[in-house]
>>> print(open('entry34.cif').read())   # mmCIF, C-alpha atoms; chains and numbers go by the auth columns
data_data
#
loop_
_atom_site.group_PDB
_atom_site.id
_atom_site.type_symbol
_atom_site.label_atom_id
_atom_site.label_comp_id
_atom_site.label_asym_id
_atom_site.label_seq_id
_atom_site.Cartn_x
_atom_site.Cartn_y
_atom_site.Cartn_z
_atom_site.B_iso_or_equiv
_atom_site.auth_seq_id
_atom_site.auth_asym_id
ATOM 1 C CA MET A 1 23.765 13.798 -14.808 0.00 1 A
ATOM 2 C CA THR A 2 22.552 17.338 -14.734 0.00 2 A
ATOM 3 C CA GLY A 3 19.712 18.578 -12.582 0.00 3 A
ATOM 4 C CA ASN A 4 17.427 18.676 -15.624 0.00 4 A
ATOM 5 C CA GLU A 5 18.233 15.051 -16.531 0.00 5 A
ATOM 6 C CA LEU A 6 17.474 13.952 -12.963 0.00 6 A
ATOM 7 C CA LYS A 7 14.188 15.855 -12.996 0.00 7 A
ATOM 8 C CA GLN A 8 13.271 14.319 -16.359 0.00 8 A
ATOM 9 C CA ASP A 9 14.009 10.794 -15.056 0.00 9 A
ATOM 10 C CA PHE A 10 11.865 11.485 -12.004 0.00 10 A
ATOM 11 C CA ASP A 11 9.058 12.866 -14.172 0.00 11 A
ATOM 12 C CA ILE A 12 9.097 9.766 -16.382 0.00 12 A
ATOM 13 C CA SER A 13 9.015 7.347 -13.441 0.00 13 A
ATOM 14 C CA GLU A 14 6.209 9.385 -11.862 0.00 14 A
ATOM 15 C CA MET A 15 4.276 9.254 -15.145 0.00 15 A
ATOM 16 C CA ILE A 16 4.752 5.466 -15.383 0.00 16 A
ATOM 17 C CA SER A 17 3.561 5.103 -11.791 0.00 17 A
ATOM 18 C CA GLN A 18 0.453 7.210 -12.453 0.00 18 A
ATOM 19 C CA ASN A 19 -0.356 5.219 -15.608 0.00 19 A
ATOM 20 C CA ARG A 20 -0.028 2.010 -13.584 0.00 20 A
ATOM 21 C CA HIS A 21 -2.427 3.311 -10.934 0.00 21 A
ATOM 22 C CA ILE A 22 -4.899 4.427 -13.598 0.00 22 A
ATOM 23 C CA HIS A 23 -4.735 1.026 -15.305 0.00 23 A
ATOM 24 C CA PHE A 24 -5.492 -0.924 -12.143 0.00 24 A
ATOM 25 C CA MET A 25 -8.232 1.480 -11.029 0.00 25 A
ATOM 26 C CA GLN A 26 -9.841 1.073 -14.461 0.00 26 A
ATOM 27 C CA GLU A 27 -9.844 -2.673 -13.808 0.00 27 A
ATOM 28 C CA ALA A 28 -11.563 -2.047 -10.459 0.00 28 A
ATOM 29 C CA LEU A 29 -14.096 0.156 -12.303 0.00 29 A
ATOM 30 C CA LYS A 30 -14.862 -2.766 -14.631 0.00 30 A
ATOM 31 C CA GLU A 31 -15.760 -4.778 -11.546 0.00 31 A
ATOM 32 C CA ALA A 32 -17.904 -1.902 -10.257 0.00 32 A
ATOM 33 C CA GLN A 33 -19.748 -1.897 -13.606 0.00 33 A
ATOM 34 C CA LYS A 34 -20.582 -5.580 -13.046 0.00 34 A
ATOM 35 C CA ALA A 35 -22.086 -4.682 -9.674 0.00 35 A
ATOM 36 C CA TYR A 36 -24.047 -1.834 -11.282 0.00 36 A
ATOM 37 C CA ALA A 37 -25.426 -4.190 -13.940 0.00 37 A
ATOM 38 C CA ALA A 38 -26.507 -6.598 -11.178 0.00 38 A
ATOM 39 C CA GLU A 39 -28.212 -3.741 -9.280 0.00 39 A
ATOM 40 C CA GLU A 40 -25.652 -3.931 -6.480 0.00 40 A
ATOM 41 C CA ILE A 41 -23.959 -0.845 -5.057 0.00 41 A
ATOM 42 C CA PRO A 42 -21.283 -0.372 -7.722 0.00 42 A
ATOM 43 C CA ILE A 43 -18.006 -0.883 -5.934 0.00 43 A
ATOM 44 C CA GLY A 44 -15.215 -2.909 -7.477 0.00 44 A
ATOM 45 C CA ALA A 45 -11.797 -4.022 -6.305 0.00 45 A
ATOM 46 C CA VAL A 46 -8.705 -5.726 -7.628 0.00 46 A
ATOM 47 C CA ILE A 47 -5.694 -7.032 -5.732 0.00 47 A
ATOM 48 C CA VAL A 48 -2.333 -6.764 -7.457 0.00 48 A
ATOM 49 C CA LEU A 49 0.903 -8.635 -6.788 0.00 49 A
ATOM 50 C CA LYS A 50 4.011 -7.660 -8.757 0.00 50 A
ATOM 51 C CA ASP A 51 1.958 -5.845 -11.417 0.00 51 A
ATOM 52 C CA ARG A 52 -0.387 -8.804 -11.917 0.00 52 A
ATOM 53 C CA ILE A 53 -4.032 -8.936 -10.854 0.00 53 A
ATOM 54 C CA ILE A 54 -4.512 -11.950 -8.594 0.00 54 A
ATOM 55 C CA ALA A 55 -8.072 -11.208 -7.432 0.00 55 A
ATOM 56 C CA ARG A 56 -11.085 -9.315 -8.789 0.00 56 A
ATOM 57 C CA ALA A 57 -14.362 -8.665 -7.030 0.00 57 A
ATOM 58 C CA HIS A 58 -17.446 -6.488 -6.894 0.00 58 A
ATOM 59 C CA ASN A 59 -20.185 -6.037 -4.338 0.00 59 A
ATOM 60 C CA GLN A 60 -22.516 -9.028 -4.078 0.00 60 A
ATOM 61 C CA VAL A 61 -24.466 -8.152 -0.946 0.00 61 A
ATOM 62 C CA GLU A 62 -27.900 -8.563 -2.555 0.00 62 A
ATOM 63 C CA LYS A 63 -27.012 -11.605 -4.645 0.00 63 A
ATOM 64 C CA LEU A 64 -25.586 -13.505 -1.664 0.00 64 A
ATOM 65 C CA SER A 65 -27.936 -12.002 0.966 0.00 65 A
ATOM 66 C CA ASP A 66 -24.783 -11.302 2.952 0.00 66 A
ATOM 67 C CA ALA A 67 -24.070 -7.901 4.478 0.00 67 A
ATOM 68 C CA THR A 68 -20.337 -8.702 4.442 0.00 68 A
ATOM 69 C CA ALA A 69 -20.143 -9.486 0.699 0.00 69 A
ATOM 70 C CA HIS A 70 -18.371 -6.225 -0.097 0.00 70 A
ATOM 71 C CA ALA A 71 -15.925 -6.089 -3.014 0.00 71 A
ATOM 72 C CA GLU A 72 -12.951 -5.716 -0.675 0.00 72 A
ATOM 73 C CA MET A 73 -13.913 -8.701 1.483 0.00 73 A
ATOM 74 C CA ILE A 74 -14.457 -10.968 -1.531 0.00 74 A
ATOM 75 C CA ALA A 75 -11.176 -9.823 -3.107 0.00 75 A
ATOM 76 C CA ILE A 76 -9.234 -10.460 0.121 0.00 76 A
ATOM 77 C CA THR A 77 -10.671 -13.978 0.341 0.00 77 A
ATOM 78 C CA ALA A 78 -9.840 -14.687 -3.318 0.00 78 A
ATOM 79 C CA ALA A 79 -6.283 -13.339 -3.028 0.00 79 A
ATOM 80 C CA SER A 80 -5.656 -15.277 0.182 0.00 80 A
ATOM 81 C CA GLY A 81 -6.879 -18.453 -1.510 0.00 81 A
ATOM 82 C CA TYR A 82 -4.706 -17.801 -4.549 0.00 82 A
ATOM 83 C CA LEU A 83 -1.600 -17.243 -2.419 0.00 83 A
ATOM 84 C CA GLY A 84 -2.406 -19.860 0.198 0.00 84 A
ATOM 85 C CA SER A 85 -1.774 -17.251 2.879 0.00 85 A
ATOM 86 C CA LYS A 86 -3.864 -15.055 5.131 0.00 86 A
ATOM 87 C CA PHE A 87 -1.298 -12.281 4.788 0.00 87 A
ATOM 88 C CA LEU A 88 -1.181 -10.036 1.715 0.00 88 A
ATOM 89 C CA ASP A 89 1.750 -7.851 2.737 0.00 89 A
ATOM 90 C CA GLU A 90 3.278 -7.739 -0.758 0.00 90 A
ATOM 91 C CA CYS A 91 -0.063 -6.946 -2.409 0.00 91 A
ATOM 92 C CA GLU A 92 -1.901 -3.763 -3.309 0.00 92 A
ATOM 93 C CA MET A 93 -5.653 -3.213 -3.449 0.00 93 A
ATOM 94 C CA TYR A 94 -7.347 -0.843 -5.867 0.00 94 A
ATOM 95 C CA VAL A 95 -10.941 -0.130 -4.872 0.00 95 A
ATOM 96 C CA THR A 96 -13.332 2.354 -6.456 0.00 96 A
ATOM 97 C CA VAL A 97 -14.726 3.761 -3.201 0.00 97 A
ATOM 98 C CA GLU A 98 -13.132 4.356 0.187 0.00 98 A
ATOM 99 C CA PRO A 99 -13.437 1.171 2.265 0.00 99 A
ATOM 100 C CA CYS A 100 -15.974 1.069 5.076 0.00 100 A
ATOM 101 C CA LEU A 101 -14.821 0.366 8.611 0.00 101 A
ATOM 102 C CA MET A 102 -15.468 -3.393 8.252 0.00 102 A
ATOM 103 C CA CYS A 103 -13.401 -3.621 5.067 0.00 103 A
ATOM 104 C CA ALA A 104 -10.661 -1.392 6.479 0.00 104 A
ATOM 105 C CA GLY A 105 -10.413 -3.753 9.441 0.00 105 A
ATOM 106 C CA ALA A 106 -10.126 -6.756 7.123 0.00 106 A
ATOM 107 C CA LEU A 107 -7.446 -4.976 5.096 0.00 107 A
ATOM 108 C CA TYR A 108 -5.566 -4.247 8.315 0.00 108 A
ATOM 109 C CA TRP A 109 -5.749 -7.875 9.469 0.00 109 A
ATOM 110 C CA SER A 110 -4.700 -9.159 6.028 0.00 110 A
ATOM 111 C CA ARG A 111 -1.626 -6.926 6.324 0.00 111 A
ATOM 112 C CA ILE A 112 -2.099 -5.682 2.772 0.00 112 A
ATOM 113 C CA GLY A 113 0.815 -3.535 1.656 0.00 113 A
ATOM 114 C CA LYS A 114 -0.991 -0.660 -0.046 0.00 114 A
ATOM 115 C CA VAL A 115 -4.548 0.535 -0.607 0.00 115 A
ATOM 116 C CA TYR A 116 -5.552 2.874 -3.435 0.00 116 A
ATOM 117 C CA TYR A 117 -9.108 4.151 -3.642 0.00 117 A
ATOM 118 C CA GLY A 118 -10.981 6.410 -5.995 0.00 118 A
ATOM 119 C CA ALA A 119 -13.957 8.190 -4.449 0.00 119 A
ATOM 120 C CA SER A 120 -14.190 9.219 -0.812 0.00 120 A
ATOM 121 C CA ASP A 121 -17.215 8.070 1.174 0.00 121 A
ATOM 122 C CA ASN A 122 -18.234 10.730 3.672 0.00 122 A
ATOM 123 C CA ARG A 123 -21.082 8.586 4.998 0.00 123 A
ATOM 124 C CA PHE A 124 -19.650 5.126 5.527 0.00 124 A
ATOM 125 C CA GLY A 125 -15.915 5.399 4.748 0.00 125 A
ATOM 126 C CA TYR A 126 -13.405 4.438 7.410 0.00 126 A
ATOM 127 C CA THR A 127 -11.935 7.972 7.555 0.00 127 A
ATOM 128 C CA ARG A 128 -15.245 9.151 9.004 0.00 128 A
ATOM 129 C CA THR A 129 -14.399 7.363 12.243 0.00 129 A
ATOM 130 C CA ASP A 130 -10.652 6.768 12.261 0.00 130 A
ATOM 131 C CA LYS A 131 -8.286 8.353 9.795 0.00 131 A
ATOM 132 C CA ASN A 132 -5.364 6.241 11.029 0.00 132 A
ATOM 133 C CA ILE A 133 -6.898 2.758 11.288 0.00 133 A
ATOM 134 C CA PHE A 134 -4.090 1.350 9.135 0.00 134 A
ATOM 135 C CA GLY A 135 -1.314 2.804 11.276 0.00 135 A
ATOM 136 C CA LYS A 136 2.129 3.056 9.710 0.00 136 A
ATOM 137 C CA ASN A 137 2.087 -0.371 8.099 0.00 137 A
ATOM 138 C CA ILE A 138 -0.293 0.244 5.194 0.00 138 A
ATOM 139 C CA ASN A 139 0.254 2.975 2.645 0.00 139 A
ATOM 140 C CA VAL A 140 -3.038 4.552 1.499 0.00 140 A
ATOM 141 C CA GLN A 141 -3.535 6.813 -1.504 0.00 141 A
ATOM 142 C CA ARG A 142 -6.903 8.280 -2.397 0.00 142 A
ATOM 143 C CA GLY A 143 -8.320 10.066 -5.386 0.00 143 A
ATOM 144 C CA ILE A 144 -7.240 7.820 -8.270 0.00 144 A
ATOM 145 C CA LEU A 145 -9.879 8.328 -10.992 0.00 145 A
ATOM 146 C CA ALA A 146 -12.037 9.889 -8.275 0.00 146 A
ATOM 147 C CA ASP A 147 -14.390 11.585 -10.755 0.00 147 A
ATOM 148 C CA GLU A 148 -15.114 8.371 -12.662 0.00 148 A
ATOM 149 C CA CYS A 149 -15.592 6.399 -9.456 0.00 149 A
ATOM 150 C CA SER A 150 -17.874 9.068 -7.971 0.00 150 A
ATOM 151 C CA LYS A 151 -19.964 9.399 -11.119 0.00 151 A
ATOM 152 C CA LEU A 152 -20.754 5.689 -11.188 0.00 152 A
ATOM 153 C CA ILE A 153 -21.925 5.512 -7.593 0.00 153 A
ATOM 154 C CA LEU A 154 -23.860 8.787 -7.796 0.00 154 A
ATOM 155 C CA GLU A 155 -25.599 7.603 -10.971 0.00 155 A
ATOM 156 C CA PHE A 156 -26.538 4.334 -9.260 0.00 156 A
ATOM 157 C CA PHE A 157 -28.207 6.102 -6.335 0.00 157 A
ATOM 158 C CA ARG A 158 -29.864 8.717 -8.580 0.00 158 A
ATOM 159 C CA LYS A 159 -31.349 5.925 -10.691 0.00 159 A
ATOM 160 C CA LYS A 160 -32.447 4.058 -7.561 0.00 160 A
ATOM 161 C CA ARG A 161 -34.153 7.156 -6.120 0.00 161 A
ATOM 162 C CA ASP A 162 -35.886 7.834 -9.443 0.00 162 A
ATOM 163 C CA ALA A 163 -37.121 4.219 -9.591 0.00 163 A
ATOM 164 C CA ASP A 164 -38.395 4.485 -6.030 0.00 164 A
ATOM 165 C CA GLY A 165 -40.364 7.601 -7.000 0.00 165 A
ATOM 166 C CA LEU A 166 -38.529 9.906 -4.629 0.00 166 A
ATOM 167 C CA PHE A 167 -38.119 12.655 -7.236 0.00 167 A
ATOM 168 C CA LYS A 168 -41.413 12.381 -9.091 0.00 168 A
#
>>> encode(input="entry34.cif", output="structure tokens")
Amino acid sequence: MTGNELKQDFDISEMISQNRHIHFMQEALKEAQKAYAAEEIPIGAVIVLKDRIIARAHNQVEKLSDATAHAEMIAITAASGYLGSKFLDECEMYVTVEPCLMCAGALYWSRIGKVYYGASDNRFGYTRTDKNIFGKNINVQRGILADECSKLILEFFRKKRDADGLFK
């Protein structure tokens, strides 16, 4: 193989990987849309095992009157139930917004293999307090469909402020 053929093979596998990440983040965005429609903070998550979604969730804090009913927490519980295991080391989570410290802790304890998130959360995201909470064991990638994820959450809070009369 020539150098160009190797580069082309690498480019194709990188493109396939990016398309895969986009696909699963779009699935997480569908969950976030469900939260938005239910007037919950629009965060969605999916957990993937071997290119198959095994858990889907969106925020249900208001519906369940439970401060811990974040998309990530519900998805972890569903995936653990599906697998019959508390450990998700072969799984990947796609979540529309950077996990909060509570959810990051749960992801750590579940031993999830990889976490991909869209929008950063400068107010409540785990990186605000500890950029290395996952240590070396969990691979984290941020910024997948960041614009789409950010737009949804910003629109939710703009609409909420308008309804509350803050900008009238």
>>> closest_residue(input="entry34.cif", among="A:Asp147, A:Glu39, A:Glu31, A:Glu155", to="Ile74 of chain A", atoms="all atoms listed in the file")
A:Glu31
>>> resolve_selection(input="entry34.cif", expression="the PyMOL selection byres ((chain A and resi 126-142) around 7)", output="MDAnalysis selection string")
chainID A and resid 99:101 104 108 112:118 122 124:125 143:144
>>> residues_around(input="entry34.cif", residues="Phe87 of chain A", least_positions_apart="4", cutoff="9 Å", atoms="all atoms listed in the file", output="ChimeraX atom specification")
/A:80,83,109-112
>>> write_last_selection(input="entry34.cif", atoms="C-alpha atoms", output="PDB file, in the coordinates of the input")
ATOM      1  CA  SER A  80      -5.656 -15.277   0.182  1.00  0.00           C
ATOM      2  CA  LEU A  83      -1.600 -17.243  -2.419  1.00  0.00           C
ATOM      3  CA  TRP A 109      -5.749  -7.875   9.469  1.00  0.00           C
ATOM      4  CA  SER A 110      -4.700  -9.159   6.028  1.00  0.00           C
ATOM      5  CA  ARG A 111      -1.626  -6.926   6.324  1.00  0.00           C
ATOM      6  CA  ILE A 112      -2.099  -5.682   2.772  1.00  0.00           C
TER       7      ILE A 112
END
>>> resolve_selection(input="entry34.cif", expression="the PyMOL selection byres ((chain A and resi 61-71) around 7)", output="number ranges by chain")
A: 40, 43-45, 57-60, 72-75
>>> write_last_selection(input="entry34.cif", atoms="C-alpha atoms", output="PDB file, in the coordinates of the input")
ATOM      1  CA  GLU A  40     -25.652  -3.931  -6.480  1.00  0.00           C
ATOM      2  CA  ILE A  43     -18.006  -0.883  -5.934  1.00  0.00           C
ATOM      3  CA  GLY A  44     -15.215  -2.909  -7.477  1.00  0.00           C
ATOM      4  CA  ALA A  45     -11.797  -4.022  -6.305  1.00  0.00           C
ATOM      5  CA  ALA A  57     -14.362  -8.665  -7.030  1.00  0.00           C
ATOM      6  CA  HIS A  58     -17.446  -6.488  -6.894  1.00  0.00           C
ATOM      7  CA  ASN A  59     -20.185  -6.037  -4.338  1.00  0.00           C
ATOM      8  CA  GLN A  60     -22.516  -9.028  -4.078  1.00  0.00           C
ATOM      9  CA  GLU A  72     -12.951  -5.716  -0.675  1.00  0.00           C
ATOM     10  CA  MET A  73     -13.913  -8.701   1.483  1.00  0.00           C
ATOM     11  CA  ILE A  74     -14.457 -10.968  -1.531  1.00  0.00           C
ATOM     12  CA  ALA A  75     -11.176  -9.823  -3.107  1.00  0.00           C
TER      13      ALA A  75
END
>>> atom_distance(input="entry34.cif", atom1="atom CA of Ala146 of chain A", atom2="atom CA of Glu90 of chain A")
24.5 Å
